[in-house]
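See structure below.
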Amino acid sequence: MDFITAIKNKKVVSAKVLGYIILVFLVILSWAVFKILTPKNFGSPGNLLSYFQASLIATVGAVGFYFVMVMGMFDFSIGANIMLSAIVGSVFAGKFGMGYIGLILGCIITGTIVGILNGFLYVNLRIPSMIVTTGLALIYESVANYISGGVEQTLSSELRIFGRMPGDIILALTAFATAYLILNYTKIGTYTYAIGSNEFVAKNMGINIKKYKVAAFIISGAFLGIMSILTISYGSSMVAVTGMASMSRNFIPTMGCFFGLAFKKYGMPLQAIIIGEFVINIIFFGFIALGAPTAIQDVITGITLLIIITLTTKVNKGDIVK
Amino acid sequence: MGEVRLKIEHLCKTFGITKAVADVSFSIKKGEVHALIGENGSGKSTLTNMLTGIYTIDSGKFILDGREVHPKNQVEANKEGISIIVQELGTLSGLTVAENIFLGHEDKFTKFGIKNTNLMNKMATELLKKYGFDRIKAGEIIDRYNFEDRKLIEIVKATYFEPKIVVIDETTTALSNEGRHELYKHMERIKKAGNTVIFISHDLPEILEKSDTVTVLRDGVYIDTVSSKDIDEEGLRKLMVGRELEGDYYRKQFGESVKDEVVLSVKNVSVPGLLEDVSFDLHKGEILGFGGLSESGMHEIGKAIFGASYDRSGEVITSDGTHINDIPTAIAHSIAYTSKDRDNESVVMNESIGDNICLPSLDKLKLKWKFLSDRAMNNFANEYAKKMSVKMVNIDQFVSDLSGGNKQKVVLARWIGKDSDIVVLDSPTRGIDIKVKQDIYNLMNGMIKSGKSIIMISEELMELIGMCDRIIIMKDGKISGEIDRSVEIGENTLISMMV
């Protein structure tokens, strides 16, 4: 990383280009490691495309969740939101016979309502977002279980256009473009960073902190709704789990978000989330190709991601990390 | 000049049982630099914070050009023609320079909810060019600029829309000479345009030189408004404190000999980019001063001695031969340190005065079974808060509620309570009024008389000359000169070694 610091200080390349160089290097490195270990059944161009497609699912949720995280808040109900939204979308599309309209509106509206509830209760109860969303996750899981009647909800094959090319790509790209637009070309984007930087100063600038915090949760919820469309279209069904089991779905979007936060200083957080999720998927599929046991996969994935984030977020000596 | 711009009528503000501003009334004219002075806690910042919408008004009113105004935040204040440049950092990380300049005013650049970033950057670039800050790029993330540049950006942000009143709240203490001159230039420009500057500073010579009128507040009460031409520093001090300052301000004695006993040796200390091969000894009962330009490396000296510098080489050795390489060892060997950055590095803002005072002394406040004694902690904190005359409701009050001077007293109370033998004070009187300054000087005098040794790092040359037995001047991370206490030393002697 000293090499990176040297390049940065000498300003040979712009911060953004440097960010891309690091990310592309991570993609090549993660691909090369598994390609060497298992050359036959990993990493062909076709395989890489399918890894990328799979990564799009979590990426869509992560770009929405970024609005919450960059403000310094957290959401433990991501998994429960995806599960509930996918079940509602599936019920609207199948049971109510509303087809794609039901799927899209059911998922996005449910995700948005969850976002509104999260945001509204967080700003009004005045307790940490982690606690509010953990409590609410239990409720969302129960609601999903009630709606599904404890039965696995399957999306019929005629309604799975978003689970394959080019439907998934189009939906994901639309979501990324929307997130990019909001973050860079609207007041919400500016205020998101302002509140994340210094809430007190932002308040003194006349920014309605509560309003924009709720807005961040709403945006996050809506994007998680879109992620649930991709999730159920790709996986074809959804089971409503309880007892916080939905938390396992939090991990991948959250990790993508960490990439975004780490590369914020390079001025390319959303691009970093997209490429970062791709890296995570390369590692996952690499382990599958190796046939490594799940426990080993989880340990090595966890360690690898911690290394990547530690190196990319290298803080100055003396800076306090919380 | 002459027409009234702002009338302040019976203004009141209370925090808990503290009357921060009590029935204050006075007027400020158009086209003048109107200084607001007073001791810490006199109500200057509270008053201007109400004017700029940071605090709400309890009662009373502001009448701007004949119309009552009561902004609820800084953007509303801007719309009324009032802006503020604060003492600490007022820009936001993660945003671009342009976004910071126009924060809260995005509607000017927004159509159908979409912000025209190009137009915003273009306008910011034009403004930066107009102010002569061309090297600052509007589209860059502000984090890429240092504190000084970010202050310059704040000047643009606070003045580009030609406000009727610009409040400059103790900004100069945070600026280098170059930055100060830049600020003075714009104060002059604002004044010439017929607008008004409300200037808050503790630097009395600066106040007399740069302002036309001075209003004095004391304990939240209006005292007097005088013309800068008709008063001198001594007169201002008298108005601020309410009486003649009793006793001596600086140390009076010259020619006192310092004991030969060395209590601390600093040998060949270097910190990459900050210090280069610095060596000196500190003697028992000595006040050793360090002066220089802000970036000369003098502030790093304190950190290096306290074991708080990163990548430090060389040796810091106490009289018993202990090598100080980290903070716990420094504290264990009776070394205390107060940082220049009081709010971030010295006090724990959202903790009580009591906890702040007890923090390094917890070991001696433990009961037999290693549990902390509430009673012992309260007694200890009360004793040292009282000794330092901290202005407070009680020791349970949060440090964040205190004025700068009282925060500094809490920091000093902490180390006096710890009974440290070597005390490193970095800018101990920064942003502090003359009464508290005098208290601190008296305290230092008392400390050296009881055999303690002090290293005093300061950007105020008169303070160094008045208080120190020996002064070391730093330049570019190295020692550029050393001078013993003498009546003959003047500021110019030291300046010649600094530049």
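Chain labels A, B, ... are given in the sequence in which chains occur in the structure tokens; within each chain residues are numbered consecutively from 1, and ligands are likewise numbered from 1 in the order shown.
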
- Query: Excluding same-chain residues fewer than 4 positions from Phe42 (chain A), what lies within 7 Å of it counting only C-alpha atoms, as a list in words?
  - Reply: Lys35, Thr38, Asn47, Gly286 and Ala289 of chain A

- Select from region 118-305 of chain A everything DSSP, run on the backbone, classes as helix (DSSP H, G or I), then give the selection as a ChimeraX atom specification. /A:118-125,129-148,157-159,161-163,167-185,187-197,199-204,209-235,245-249,251-262,264-266,269-290,294-305

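Picture a line from CA of Gly97 (chain A) to CA of Phe176 (chain A); it runs 29.2 Å.
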
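Restricting the calculation to only C-alpha atoms, the smallest distance between chain A and any of B:Glu39, B:Ser93, B:Ile82, B:Glu68 is found for B:Ser93.
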
Kindly provide the residues of chain B that approach chain A to within 6 Å, each paired with its closest atom pair and their distance in Å to one decimal, based on only C-alpha atoms, listed by chain and increasing number, as CSV.
residue,atom,partner,partner_atom,distance
B:Ile54,CA,A:Asn204,CA,5.9
B:Asn73,CA,A:Gly206,CA,5.2
B:Gln74,CA,A:Met205,CA,5.1
B:Val75,CA,A:Met205,CA,5.3
B:Leu92,CA,A:Ser197,CA,5.8
B:Ser93,CA,A:Ser197,CA,5.4
B:Gly94,CA,A:Tyr193,CA,5.8
B:Gly104,CA,A:Met205,CA,5.8
B:Ile114,CA,A:Thr186,CA,5.1
B:Lys115,CA,A:Tyr185,CA,4.6
